[in-house]
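For reference, target-v7.txt is printed below; it contains compact mmCIF, C-alpha atoms.
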# COMPACT_ATOMS: atom_id res chain seq x y z
CA MET A 1 -2.05 -5.91 0.07
CA THR A 2 -2.04 -8.60 -2.61
CA SER A 3 0.87 -9.41 -4.88
CA PRO A 4 1.04 -10.62 -8.47
CA SER A 5 1.83 -14.34 -8.41
CA GLY A 6 5.51 -15.08 -7.97
CA ARG A 7 6.47 -11.43 -7.74
CA LEU A 8 7.53 -9.11 -4.97
CA SER A 9 5.38 -6.00 -4.70
CA ALA A 10 5.50 -2.75 -2.77
CA ARG A 11 3.11 0.16 -2.30
CA TYR A 12 4.32 3.76 -1.95
CA TRP A 13 3.04 7.23 -1.22
CA ILE A 14 4.65 9.72 -3.59
CA GLU A 15 4.68 13.48 -4.17
CA THR A 16 5.96 14.86 -7.46
CA ALA A 17 5.66 17.86 -9.77
CA PHE A 18 5.93 15.55 -12.78
CA PRO A 19 3.10 13.59 -14.42
CA LEU A 20 2.25 10.61 -12.25
CA ASP A 21 2.71 8.05 -15.04
CA TYR A 22 6.19 9.42 -15.75
CA ALA A 23 7.14 9.47 -12.06
CA ALA A 24 6.03 5.88 -11.52
CA GLN A 25 8.05 4.73 -14.53
CA VAL A 26 11.11 6.54 -13.14
CA MET A 27 10.69 4.57 -9.90
CA ALA A 28 10.35 1.28 -11.74
CA GLY A 29 13.34 1.92 -13.98
CA GLU A 30 15.64 3.11 -11.21
CA GLN A 31 14.99 0.00 -9.12
CA SER A 32 15.30 -2.56 -11.92
CA THR A 33 16.76 -2.41 -15.42
CA GLY A 34 16.87 1.31 -16.20
CA THR A 35 19.30 4.17 -15.81
CA PHE A 36 19.07 7.80 -16.95
CA ILE A 37 19.53 6.71 -20.60
CA ARG A 38 18.74 3.57 -22.61
CA VAL A 39 21.96 1.55 -22.88
CA ALA A 40 23.00 -1.10 -25.38
CA GLY A 41 22.52 -4.07 -23.05
CA GLU A 42 19.00 -3.06 -22.10
CA THR A 43 17.24 -5.15 -24.73
CA ASP A 44 13.50 -5.54 -25.02
CA GLU A 45 13.91 -9.16 -23.93
CA LEU A 46 15.86 -8.13 -20.82
CA ARG A 47 13.28 -5.50 -19.93
CA GLU A 48 10.45 -7.97 -20.37
CA ALA A 49 12.12 -10.43 -18.01
CA HIS A 50 13.51 -8.08 -15.36
CA ALA A 51 11.94 -4.62 -15.43
CA ALA A 52 9.78 -3.59 -12.52
CA ARG A 53 6.12 -3.15 -13.39
CA VAL A 54 3.83 -0.32 -12.41
CA GLU A 55 0.81 -2.23 -11.12
CA SER A 56 -1.37 0.72 -10.14
CA ILE A 57 -1.44 4.47 -9.63
CA GLN A 58 -4.07 6.01 -7.36
CA PRO A 59 -4.10 9.84 -7.54
CA LEU A 60 -4.61 11.63 -4.24
CA ASP A 61 -4.47 15.35 -3.47
CA VAL A 62 -2.50 18.26 -4.94
CA VAL A 63 -0.37 20.75 -2.96
CA ASP A 64 1.32 24.03 -3.89
CA ALA A 65 4.67 23.45 -2.16
CA PRO A 66 7.09 20.50 -2.00
CA SER A 67 7.36 18.55 1.26
CA LEU A 68 11.10 17.90 0.91
CA PRO A 69 13.96 20.07 -0.35
CA GLY A 70 16.00 19.36 -3.47
CA ALA A 71 13.24 18.10 -5.73
CA GLY A 72 13.13 19.03 -9.40
CA LYS A 73 10.10 20.19 -11.35
CA PRO A 74 9.16 20.86 -14.96
CA LYS A 75 9.54 24.47 -16.13
CA GLY A 76 6.60 26.68 -15.34
CA LEU A 77 4.81 24.12 -13.15
CA ASN A 78 4.26 24.78 -9.46
CA VAL A 79 1.85 21.99 -8.56
CA TRP A 80 2.88 18.87 -6.68
CA ARG A 81 0.71 15.81 -7.13
CA ARG A 82 0.38 13.03 -4.59
CA ALA A 83 -0.53 9.42 -5.27
CA GLU A 84 -0.20 5.85 -4.10
CA VAL A 85 1.81 3.71 -6.47
CA GLU A 86 2.26 -0.06 -6.48
CA LEU A 87 5.29 -1.62 -8.15
CA SER A 88 6.23 -5.27 -8.58
CA TRP A 89 9.44 -7.11 -9.45
CA PRO A 90 10.25 -10.62 -10.64
CA LEU A 91 11.93 -12.66 -7.90
CA SER A 92 14.69 -13.51 -10.34
CA ASN A 93 16.05 -9.98 -9.80
CA MET A 94 16.96 -10.47 -6.14
CA GLY A 95 16.05 -14.01 -5.15
CA ASN A 96 14.61 -14.92 -1.76
CA SER A 97 16.96 -12.51 0.03
CA LEU A 98 15.76 -10.01 2.64
CA PRO A 99 18.83 -7.73 2.36
CA ASN A 100 18.32 -7.51 -1.38
CA VAL A 101 14.58 -7.00 -0.99
CA VAL A 102 15.41 -3.92 1.08
CA ALA A 103 17.84 -2.72 -1.59
CA THR A 104 15.09 -3.15 -4.17
CA VAL A 105 12.07 -1.63 -2.45
CA ALA A 106 13.86 0.98 -0.31
CA GLY A 107 17.02 1.87 -2.16
CA ASN A 108 17.82 4.93 -4.27
CA LEU A 109 14.14 5.81 -4.61
CA PHE A 110 14.31 8.19 -1.66
CA GLU A 111 16.94 10.33 -3.39
CA LEU A 112 15.40 10.64 -6.85
CA LYS A 113 15.11 14.27 -7.96
CA PRO A 114 11.59 14.02 -9.46
CA PHE A 115 10.17 13.34 -5.99
CA SER A 116 9.48 15.82 -3.21
CA GLY A 117 8.12 13.01 -1.07
CA LEU A 118 8.28 9.21 -1.14
CA LYS A 119 7.39 6.66 1.52
CA LEU A 120 7.21 2.87 1.44
CA LEU A 121 3.78 1.96 2.85
CA ASP A 122 3.58 -1.82 2.51
CA LEU A 123 5.17 -4.79 0.82
CA LYS A 124 4.11 -8.29 -0.07
CA LEU A 125 6.56 -11.18 -0.11
CA PRO A 126 5.76 -14.40 -1.99
CA PRO A 127 5.54 -17.57 0.15
CA SER A 128 8.76 -18.89 -1.40
CA PHE A 129 10.58 -16.75 1.21
CA LEU A 130 9.49 -19.35 3.77
CA ASP A 131 11.83 -21.80 2.05
CA ARG A 132 14.79 -19.73 3.26
CA TYR A 133 13.65 -17.85 6.37
CA GLN A 134 12.30 -19.41 9.54
CA GLY A 135 10.05 -16.68 10.89
CA PRO A 136 9.22 -16.61 14.60
CA GLN A 137 10.04 -19.69 16.62
CA PHE A 138 7.56 -19.04 19.43
CA GLY A 139 5.26 -16.17 18.43
CA VAL A 140 2.03 -15.70 20.37
CA ALA A 141 1.24 -19.29 21.36
CA GLY A 142 4.82 -20.14 22.27
CA THR A 143 5.23 -17.02 24.38
CA ARG A 144 2.05 -17.85 26.27
CA ALA A 145 3.31 -21.40 26.86
CA LEU A 146 6.68 -20.17 28.15
CA THR A 147 5.09 -17.70 30.57
CA GLY A 148 2.13 -19.81 31.66
CA VAL A 149 -0.34 -17.06 30.72
CA PRO A 150 -2.96 -18.71 28.50
CA HIS A 151 -5.50 -15.93 27.91
CA ARG A 152 -5.02 -12.45 29.38
CA PRO A 153 -2.39 -9.91 28.28
CA LEU A 154 1.12 -10.44 29.58
CA VAL A 155 1.91 -7.75 32.14
CA GLY A 156 5.49 -6.62 31.77
CA THR A 157 7.97 -3.95 32.68
CA ILE A 158 11.30 -2.45 31.74
CA ILE A 159 14.04 -2.18 34.32
CA LYS A 160 14.15 1.45 35.46
CA PRO A 161 16.34 3.43 35.88
CA SER A 162 17.40 2.39 32.38
CA VAL A 163 21.08 2.36 33.30
CA GLY A 164 23.03 2.84 36.50
CA LEU A 165 21.80 -0.07 38.62
CA SER A 166 24.31 -2.70 39.73
CA PRO A 167 23.62 -6.41 39.10
CA ALA A 168 22.58 -6.80 42.74
CA ALA A 169 20.22 -3.81 42.60
CA THR A 170 18.72 -5.09 39.35
CA ALA A 171 18.14 -8.51 40.90
CA ALA A 172 16.51 -6.93 43.97
CA MET A 173 14.08 -5.08 41.72
CA VAL A 174 13.33 -8.27 39.78
CA ASP A 175 12.65 -10.00 43.11
CA SER A 176 9.98 -7.44 43.98
CA LEU A 177 8.47 -7.59 40.50
CA ALA A 178 8.28 -11.38 40.51
CA ASP A 179 6.81 -11.32 43.99
CA GLY A 180 4.14 -8.95 42.70
CA GLY A 181 3.11 -11.33 39.91
CA ILE A 182 4.87 -9.85 36.86
CA ASP A 183 4.86 -11.98 33.70
CA PHE A 184 7.61 -10.33 31.68
CA ILE A 185 10.69 -8.21 32.45
CA LYS A 186 13.09 -6.71 29.94
CA ASP A 187 16.36 -4.89 30.11
CA ASP A 188 16.22 -1.37 28.80
CA GLU A 189 17.83 -1.19 25.37
CA LEU A 190 20.53 1.07 26.86
CA GLN A 191 21.56 -1.61 29.37
CA ALA A 192 24.04 -3.87 27.64
CA ASP A 193 27.46 -4.88 29.03
CA GLY A 194 28.89 -1.81 30.72
CA PRO A 195 31.39 -2.01 33.58
CA HIS A 196 28.83 -0.87 36.17
CA CYS A 197 26.50 -3.78 35.29
CA PRO A 198 28.33 -6.47 33.29
CA PHE A 199 26.14 -8.80 31.26
CA SER A 200 27.35 -12.02 32.91
CA GLU A 201 26.96 -10.69 36.46
CA ARG A 202 23.53 -9.19 35.74
CA LEU A 203 22.32 -12.40 34.11
CA ALA A 204 23.50 -14.58 37.00
CA ALA A 205 21.95 -12.33 39.66
CA VAL A 206 18.62 -11.93 37.87
CA MET A 207 18.21 -15.57 36.88
CA ASP A 208 19.00 -16.71 40.41
CA VAL A 209 15.98 -14.69 41.57
CA ILE A 210 13.74 -15.81 38.70
CA ASN A 211 14.63 -19.48 39.15
CA ARG A 212 13.92 -19.31 42.90
CA HIS A 213 10.49 -17.80 42.23
CA ALA A 214 9.80 -20.45 39.57
CA ASP A 215 10.68 -23.22 42.00
CA ARG A 216 8.23 -21.74 44.51
CA THR A 217 5.35 -20.86 42.17
CA GLY A 218 5.74 -23.28 39.26
CA ARG A 219 5.71 -20.39 36.77
CA LYS A 220 8.81 -18.72 35.35
CA VAL A 221 8.93 -14.99 34.70
CA MET A 222 10.16 -14.28 31.17
CA TYR A 223 13.29 -12.10 31.30
CA ALA A 224 14.29 -10.53 27.97
CA CYS A 225 18.00 -10.09 28.61
CA ASN A 226 19.62 -7.63 26.23
CA ILE A 227 22.23 -9.52 24.19
CA THR A 228 22.71 -6.84 21.50
CA GLY A 229 26.30 -6.78 20.25
CA GLU A 230 28.56 -8.27 17.61
CA ILE A 231 27.29 -11.54 16.12
CA ASP A 232 29.67 -13.79 18.04
CA GLU A 233 28.82 -11.94 21.27
CA MET A 234 25.10 -12.39 20.69
CA LEU A 235 25.41 -16.11 20.06
CA ALA A 236 27.52 -16.59 23.20
CA ARG A 237 25.15 -14.45 25.27
CA HIS A 238 22.14 -16.39 23.96
CA ASP A 239 23.78 -19.62 25.12
CA ALA A 240 24.58 -18.10 28.51
CA VAL A 241 20.93 -17.08 28.98
CA GLU A 242 19.81 -20.58 28.03
CA ALA A 243 22.31 -22.20 30.41
CA ALA A 244 21.07 -19.96 33.23
CA GLY A 245 17.50 -21.15 32.69
CA GLY A 246 16.24 -18.11 30.79
CA THR A 247 13.52 -18.23 28.16
CA CYS A 248 14.05 -15.03 26.15
CA VAL A 249 16.70 -12.72 24.72
CA MET A 250 16.35 -9.15 23.50
CA ILE A 251 17.95 -7.42 20.54
CA SER A 252 17.87 -3.86 19.20
CA ALA A 253 16.86 -4.55 15.61
CA ASN A 254 18.17 -1.39 13.95
CA SER A 255 21.52 -1.78 15.68
CA ILE A 256 22.23 -5.32 14.51
CA GLY A 257 20.54 -5.48 11.08
CA LEU A 258 18.57 -8.18 9.31
CA PRO A 259 21.41 -10.61 8.44
CA ALA A 260 22.58 -10.68 12.07
CA LEU A 261 19.06 -11.42 13.25
CA VAL A 262 18.66 -14.20 10.69
CA HIS A 263 21.92 -15.73 11.92
CA LEU A 264 20.78 -15.48 15.54
CA ARG A 265 17.38 -17.00 14.72
CA ARG A 266 19.00 -20.03 13.10
CA HIS A 267 21.01 -20.53 16.29
CA ALA A 268 18.32 -19.61 18.81
CA ARG A 269 16.41 -21.92 21.10
CA LEU A 270 14.93 -19.03 23.08
CA ALA A 271 12.28 -16.44 22.25
CA ILE A 272 13.63 -13.29 20.55
CA HIS A 273 12.27 -9.98 21.82
CA CYS A 274 12.75 -7.21 19.26
CA HIS A 275 13.10 -3.57 20.27
CA ARG A 276 12.56 -1.12 17.44
CA ASN A 277 14.56 1.79 18.97
CA GLY A 278 15.58 4.09 16.15
CA TRP A 279 12.49 3.37 14.09
CA GLY A 280 11.59 7.06 14.11
CA ILE A 281 14.38 7.63 11.60
CA TYR A 282 12.34 5.62 9.10
CA GLY A 283 8.78 6.28 10.19
CA ARG A 284 8.34 9.71 11.72
CA SER A 285 8.17 11.86 8.59
CA PRO A 286 4.98 11.55 6.54
CA ALA A 287 6.97 12.56 3.45
CA ILE A 288 9.84 10.05 3.47
CA GLY A 289 10.85 6.73 4.94
CA ILE A 290 9.16 3.41 5.67
CA SER A 291 5.87 2.76 7.42
CA TYR A 292 5.81 0.37 10.36
CA ILE A 293 3.45 -1.88 8.38
CA ALA A 294 6.20 -2.58 5.86
CA TYR A 295 9.08 -2.44 8.33
CA GLN A 296 7.79 -5.07 10.76
CA LYS A 297 7.23 -7.66 8.04
CA LEU A 298 10.98 -7.87 7.41
CA TRP A 299 11.77 -8.56 11.08
CA ARG A 300 8.92 -11.04 11.49
CA LEU A 301 10.14 -13.14 8.58
CA ALA A 302 13.72 -12.88 9.87
CA GLY A 303 12.60 -14.46 13.13
CA VAL A 304 11.50 -12.21 16.00
CA ASP A 305 8.77 -13.38 18.39
CA HIS A 306 7.79 -10.03 19.94
CA MET A 307 8.06 -6.51 18.58
CA HIS A 308 7.42 -3.08 20.06
CA VAL A 309 4.55 -1.02 18.65
CA ASN A 310 4.62 1.97 21.05
CA GLY A 311 1.52 2.53 23.20
CA LEU A 312 -1.61 4.62 23.52
CA ALA A 313 -1.17 8.21 24.72
CA ASN A 314 2.56 7.54 24.58
CA LYS A 315 5.45 9.84 25.36
CA PHE A 316 6.52 9.94 21.72
CA CYS A 317 4.96 11.53 18.63
CA GLU A 318 2.98 8.56 17.29
CA ASP A 319 -0.81 8.78 17.43
CA ASP A 320 -3.08 6.09 18.82
CA ALA A 321 -4.50 5.00 15.45
CA SER A 322 -1.01 4.24 14.16
CA VAL A 323 -0.15 2.25 17.30
CA ILE A 324 -3.25 0.09 17.02
CA ALA A 325 -2.73 -0.46 13.27
CA SER A 326 0.81 -1.63 14.03
CA ALA A 327 -0.35 -4.04 16.72
CA ARG A 328 -3.06 -5.47 14.47
CA GLU A 329 -0.51 -5.99 11.71
CA CYS A 330 1.78 -7.98 14.03
CA LEU A 331 -1.13 -10.36 14.67
CA THR A 332 -2.14 -10.61 10.99
CA PRO A 333 -0.67 -13.55 9.03
CA MET A 334 1.84 -12.61 6.33
CA PHE A 335 1.34 -15.86 4.44
CA ASP A 336 -1.50 -18.34 3.88
CA ALA A 337 0.72 -21.33 4.71
CA PRO A 338 -0.81 -23.18 7.72
CA GLY A 339 1.21 -22.46 10.86
CA ARG A 340 3.61 -20.24 8.91
CA GLY A 341 1.81 -16.91 8.98
CA CYS A 342 4.64 -15.40 11.09
CA GLU A 343 2.27 -13.78 13.61
CA ILE A 344 4.10 -12.23 16.57
CA MET A 345 3.24 -10.70 19.94
CA PRO A 346 2.94 -6.89 19.83
CA VAL A 347 4.56 -5.09 22.76
CA PHE A 348 2.86 -1.96 24.09
CA SER A 349 5.28 0.35 25.89
CA SER A 350 6.29 4.00 26.26
CA GLY A 351 4.57 5.87 29.07
CA GLN A 352 2.01 3.12 29.69
CA SER A 353 0.20 2.83 33.01
CA VAL A 354 -3.19 1.82 34.41
CA ASN A 355 -4.68 4.62 32.31
CA GLN A 356 -4.20 2.85 28.96
CA ALA A 357 -5.48 -0.66 29.72
CA SER A 358 -9.17 -0.08 28.95
CA GLY A 359 -8.41 1.96 25.82
CA THR A 360 -5.99 -0.63 24.50
CA TRP A 361 -8.54 -3.42 24.93
CA ALA A 362 -11.33 -1.34 23.39
CA ALA A 363 -9.25 -0.48 20.32
CA LEU A 364 -7.46 -3.79 19.72
CA GLN A 365 -10.08 -6.30 20.95
CA SER A 366 -7.33 -8.84 21.56
CA THR A 367 -5.40 -9.93 24.63
CA ASP A 368 -2.50 -11.20 22.54
CA LEU A 369 -0.04 -8.54 23.64
CA ILE A 370 2.64 -7.64 26.16
CA PHE A 371 1.66 -4.55 28.16
CA ALA A 372 5.00 -3.18 29.37
CA CYS A 373 5.06 -0.36 31.90
CA GLY A 374 8.29 1.13 33.22
CA GLY A 375 7.43 4.19 35.26
CA GLY A 376 3.81 3.02 35.28
CA ILE A 377 4.89 0.24 37.62
CA MET A 378 8.06 1.59 39.22
CA GLY A 379 6.36 4.89 40.09
CA HIS A 380 3.56 3.35 42.14
CA PRO A 381 3.53 4.85 45.65
CA GLY A 382 3.17 1.39 47.18
CA GLY A 383 6.30 0.06 45.46
CA VAL A 384 6.90 -2.11 42.43
CA ALA A 385 4.85 -5.10 43.67
CA ALA A 386 1.85 -2.82 44.14
CA GLY A 387 2.52 -1.36 40.72
CA VAL A 388 2.31 -4.82 39.15
CA ARG A 389 -0.93 -5.61 40.96
CA ALA A 390 -2.42 -2.29 39.83
CA ILE A 391 -1.75 -3.11 36.16
CA HIS A 392 -3.32 -6.55 36.60
CA GLN A 393 -6.36 -4.92 38.20
CA ALA A 394 -6.64 -2.36 35.39
CA TRP A 395 -6.75 -5.17 32.84
CA GLU A 396 -9.22 -7.16 34.93
CA ALA A 397 -11.50 -4.14 34.85
CA ALA A 398 -11.04 -3.63 31.12
CA LEU A 399 -11.83 -7.25 30.25
CA ALA A 400 -14.85 -7.23 32.57
CA GLY A 401 -16.15 -4.03 31.01
CA VAL A 402 -16.06 -2.22 34.35
CA PRO A 403 -14.92 1.43 34.47
CA PRO A 404 -11.50 1.55 36.14
CA ARG A 405 -12.57 4.00 38.85
CA GLN A 406 -15.47 1.77 39.78
CA TYR A 407 -13.19 -1.29 39.91
CA ALA A 408 -10.70 0.70 41.99
CA GLN A 409 -13.22 1.12 44.82
CA SER A 410 -12.43 -2.42 45.94
CA ASN A 411 -8.82 -2.57 44.69
CA ARG A 412 -6.46 -0.32 46.62
CA GLU A 413 -3.46 -0.67 44.27
CA LEU A 414 -5.49 0.41 41.26
CA ARG A 415 -7.02 3.26 43.23
CA GLU A 416 -3.60 4.58 44.26
CA ALA A 417 -2.26 4.20 40.72
CA LEU A 418 -5.16 6.17 39.23
CA GLN A 419 -4.45 8.95 41.70
CA THR A 420 -0.70 8.88 41.00
CA PHE A 421 -0.95 8.78 37.21
CA ALA A 422 -3.93 11.10 36.85
CA SER A 423 -3.55 13.06 33.62

Output the file's structure as structure tokens, nothing else.
Amino acid sequence: MTSPSGRLSARYWIETAFPLDYAAQVMAGEQSTGTFIRVAGETDELREAHAARVESIQPLDVVDAPSLPGAGKPKGLNVWRRAEVELSWPLSNMGNSLPNVVATVAGNLFELKPFSGLKLLDLKLPPSFLDRYQGPQFGVAGTRALTGVPHRPLVGTIIKPSVGLSPAATAAMVDSLADGGIDFIKDDELQADGPHCPFSERLAAVMDVINRHADRTGRKVMYACNITGEIDEMLARHDAVEAAGGTCVMISANSIGLPALVHLRRHARLAIHCHRNGWGIYGRSPAIGISYIAYQKLWRLAGVDHMHVNGLANKFCEDDASVIASARECLTPMFDAPGRGCEIMPVFSSGQSVNQASGTWAALQSTDLIFACGGGIMGHPGGVAAGVRAIHQAWEAALAGVPPRQYAQSNRELREALQTFAS
């Protein structure tokens, strides 16, 4: 979406029993100069300088029942109108501040009584935000350089079982994965610093394995070590990963918040892998919340290098079209500034296996992605190394335009995986 020059803008889906013009003005007033009554200090000059503007209203359909409880309606009316509404604000209201952008575009709007549905669909930030925020440090090109994978998708996995493995057992699994040719390994978001697998012991054991493989092969597996915690803990853990020879750290975005990520990014010398766990709170309902298109822009500007987008035919509720739209958005520049578009690497995960490689390539038409399979690798009957090779083979087939079952005739690991993960 485009934005009026020098202004912040946001696009919403709304549902209301009130006239659309009135409803849009309620939104604009609530999130800028207005309250429920005109007050003495709200001069015409102040409103001209600071009031939000209704840039457009696009009527959609009409329904005969509200999507959310608690909404008000005019007397005698039982029709709820839907529309897309674009609002804009002068930057002087909040400055180049991501926390205050969120307060502006996603604040009290969701609770307003005139609305039986309201969802933030997209937002546009002026390029002046690049004066304050760094954006991704590595992004797509930097991640490829760190992993030594110049063209094809990065094949990755999540340590499974998610929790319960000791540091030694985790390292043994990493050894098999690296031996099988994995590009990327991440901790599960549930694996942090528990007594059964302390962060420092897990890091030392895993990086010993990764460094030995790098010495032998000349290529270092990227290990996204989960450093999620209090800010001081994350900074110290980042430095420990760097000292151990690591190239990446992982954070759970919704757990730490935007200001903590910004602080980490200013400190970081490693790639930041962003897990979106908890995003369903914001995105699952069609009637309320924040779309992933809007949501991911905040984290990209704050400084992540990779971000999860779910996966095709996933184990969650998101449909394939939404997943692909999310991945495309991660690869689409946010700004026109050369080299500062804040593009990041989308991470496909959640129930992925050899079955999704060809569909992912056909839909996205890009190899700039991390294809992360947990059970899709760990569940291979030939072991984790065979599981890695099967994913590589599935992507080789996809990029060559060869049906996977045909390619599997001469590739045993892919053949066994197709049999194991047959739907």

Interatomic distance between atom CA of Gly229 of chain A and atom CA of Ile256 of chain A? 7.2 Å

Give me, please, the distance in Å between atom CA of Phe348 of chain A and atom CA of Asn310 of chain A, quoted to one decimal.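 Between atom CA of Phe348 of chain A and atom CA of Asn310 of chain A the gap is 5.3 Å.
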
For Pro69 of chain A, which residue among A:Ser116, A:Thr147, A:Asn355, A:Asn411 is the nearest when counting all atoms listed in the file?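 Residue with the minimum atom-to-atom distance to Pro69 of chain A: A:Ser116.
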
For atom CA of Ala363 of chain A and atom CA of Arg328 of chain A, quote the distance in Å rounded to one decimal.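 Pair atom CA of Ala363 of chain A / atom CA of Arg328 of chain A returns 9.9 Å.
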
Within 8 Å of (2.4, 12.3, -4.9) (file coordinates; all atoms listed in the file), which protein or nucleic acid residues are there? I'd like them as a VMD selection string. chain A and resid 13 to 16 20 59 to 62 80 to 84 115 117 to 118

Contacts of Gly382 of chain A at 9 Å (all atoms listed in the file; same-chain gap of 5+ positions) as a list in words: Gly387, Glu413, Glu416 and Ala417 of chain A

Please, which residues in segment 225-294 of chain A fall within 10 Å of segment 207-218 of chain A when counting only C-alpha atoms, and what is the closest atom pair and distance in Å to one decimal for each, ordered by chain then residue number, as a Markdown table?
| residue | atom | partner | partner_atom | distance |
| --- | --- | --- | --- | --- |
| A:Cys225 | CA | A:Met207 | CA | 9.9 |
| A:Val241 | CA | A:Met207 | CA | 8.5 |
| A:Ala244 | CA | A:Met207 | CA | 6.4 |
| A:Gly245 | CA | A:Met207 | CA | 7.0 |
| A:Gly246 | CA | A:Met207 | CA | 6.9 |

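Using all atoms listed in the file for every distance, the candidate list A:Ala398, A:Val384, A:Ala408, A:Leu418 yields A:Leu418 as the residue closest to Val354 of chain A.
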
I'd like to know which of A:Leu125, A:Gly351, A:Pro66, A:Ser32 is closest to Ala103 of chain A, using all atoms listed in the file. A:Ser32

Got a sec: who's within 7 Å of Val54 of chain A, counting all atoms listed in the file, leaving out chain neighbours fewer than 3 positions off, as a PyMOL selection string? chain A and resi 24-25+28+86-88

List as a list of chain:residue names the protein and nucleic acid residues near segment 316-318 of chain A, meaning an atom at most 12 Å away when all atoms listed in the file are counted, but skip any in the same chain fewer than 5 places from it. A:Asn277, A:Trp279, A:Gly280, A:Gly283, A:Arg284, A:Ser285, A:Pro286, A:Ser291, A:Tyr292, A:Val309, A:Asn310, A:Gly311, A:Val323, A:Ile324, A:Ala325, A:Ser326, A:Ser349, A:Ser350, A:Gly351, A:Gln352

Using all atoms listed in the file: which of A:Leu165, A:Val304, A:Ile281, A:Ala337 has the shortest distance to Cys197 of chain A: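 Checking each candidate against Cys197 of chain A, we get A:Leu165 as the closest.
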
Residue rebuild result segment 305-321 of chain A, N, CA and C atoms as a PDB file, keeping the file's coordinate frame:
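This is the output file selection_13.pdb:
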ATOM      1  N   ASP A 305       9.997 -12.853  17.790  1.00  0.00           N
ATOM      2  CA  ASP A 305       8.770 -13.380  18.390  1.00  0.00           C
ATOM      3  C   ASP A 305       7.893 -12.285  18.981  1.00  0.00           C
ATOM      4  N   HIS A 306       8.521 -11.181  19.404  1.00  0.00           N
ATOM      5  CA  HIS A 306       7.790 -10.030  19.940  1.00  0.00           C
ATOM      6  C   HIS A 306       8.367  -8.783  19.297  1.00  0.00           C
ATOM      7  N   MET A 307       7.547  -7.748  19.164  1.00  0.00           N
ATOM      8  CA  MET A 307       8.060  -6.510  18.580  1.00  0.00           C
ATOM      9  C   MET A 307       7.292  -5.322  19.136  1.00  0.00           C
ATOM     10  N   HIS A 308       8.021  -4.265  19.479  1.00  0.00           N
ATOM     11  CA  HIS A 308       7.420  -3.080  20.060  1.00  0.00           C
ATOM     12  C   HIS A 308       6.579  -2.322  19.033  1.00  0.00           C
ATOM     13  N   VAL A 309       5.442  -1.793  19.516  1.00  0.00           N
ATOM     14  CA  VAL A 309       4.550  -1.020  18.650  1.00  0.00           C
ATOM     15  C   VAL A 309       4.229   0.350  19.241  1.00  0.00           C
ATOM     16  N   ASN A 310       4.940   0.752  20.304  1.00  0.00           N
ATOM     17  CA  ASN A 310       4.620   1.970  21.050  1.00  0.00           C
ATOM     18  C   ASN A 310       3.378   1.700  21.895  1.00  0.00           C
ATOM     19  N   GLY A 311       2.683   2.723  22.351  1.00  0.00           N
ATOM     20  CA  GLY A 311       1.520   2.530  23.200  1.00  0.00           C
ATOM     21  C   GLY A 311       0.567   3.706  23.070  1.00  0.00           C
ATOM     22  N   LEU A 312      -0.640   3.549  23.592  1.00  0.00           N
ATOM     23  CA  LEU A 312      -1.610   4.620  23.520  1.00  0.00           C
ATOM     24  C   LEU A 312      -1.193   5.785  24.409  1.00  0.00           C
ATOM     25  N   ALA A 313      -1.517   6.997  23.963  1.00  0.00           N
ATOM     26  CA  ALA A 313      -1.170   8.210  24.720  1.00  0.00           C
ATOM     27  C   ALA A 313       0.280   8.157  25.172  1.00  0.00           C
ATOM     28  N   ASN A 314       1.157   7.797  24.250  1.00  0.00           N
ATOM     29  CA  ASN A 314       2.560   7.540  24.580  1.00  0.00           C
ATOM     30  C   ASN A 314       3.353   8.828  24.733  1.00  0.00           C
ATOM     31  N   LYS A 315       4.595   8.680  25.146  1.00  0.00           N
ATOM     32  CA  LYS A 315       5.450   9.840  25.360  1.00  0.00           C
ATOM     33  C   LYS A 315       6.141  10.306  24.075  1.00  0.00           C
ATOM     34  N   PHE A 316       5.913   9.579  22.985  1.00  0.00           N
ATOM     35  CA  PHE A 316       6.520   9.940  21.720  1.00  0.00           C
ATOM     36  C   PHE A 316       5.493  10.633  20.818  1.00  0.00           C
ATOM     37  N   CYS A 317       5.796  10.727  19.529  1.00  0.00           N
ATOM     38  CA  CYS A 317       4.960  11.530  18.630  1.00  0.00           C
ATOM     39  C   CYS A 317       3.888  10.711  17.919  1.00  0.00           C
ATOM     40  N   GLU A 318       3.882   9.405  18.067  1.00  0.00           N
ATOM     41  CA  GLU A 318       2.980   8.560  17.290  1.00  0.00           C
ATOM     42  C   GLU A 318       1.554   8.624  17.837  1.00  0.00           C
ATOM     43  N   ASP A 319       0.567   8.708  16.960  1.00  0.00           N
ATOM     44  CA  ASP A 319      -0.810   8.780  17.430  1.00  0.00           C
ATOM     45  C   ASP A 319      -1.385   7.384  17.675  1.00  0.00           C
ATOM     46  N   ASP A 320      -2.507   7.354  18.381  1.00  0.00           N
ATOM     47  CA  ASP A 320      -3.080   6.090  18.820  1.00  0.00           C
ATOM     48  C   ASP A 320      -3.498   5.205  17.653  1.00  0.00           C
ATOM     49  N   ALA A 321      -4.048   5.796  16.599  1.00  0.00           N
ATOM     50  CA  ALA A 321      -4.500   5.000  15.450  1.00  0.00           C
ATOM     51  C   ALA A 321      -3.344   4.249  14.816  1.00  0.00           C
TER      52      ALA A 321
END
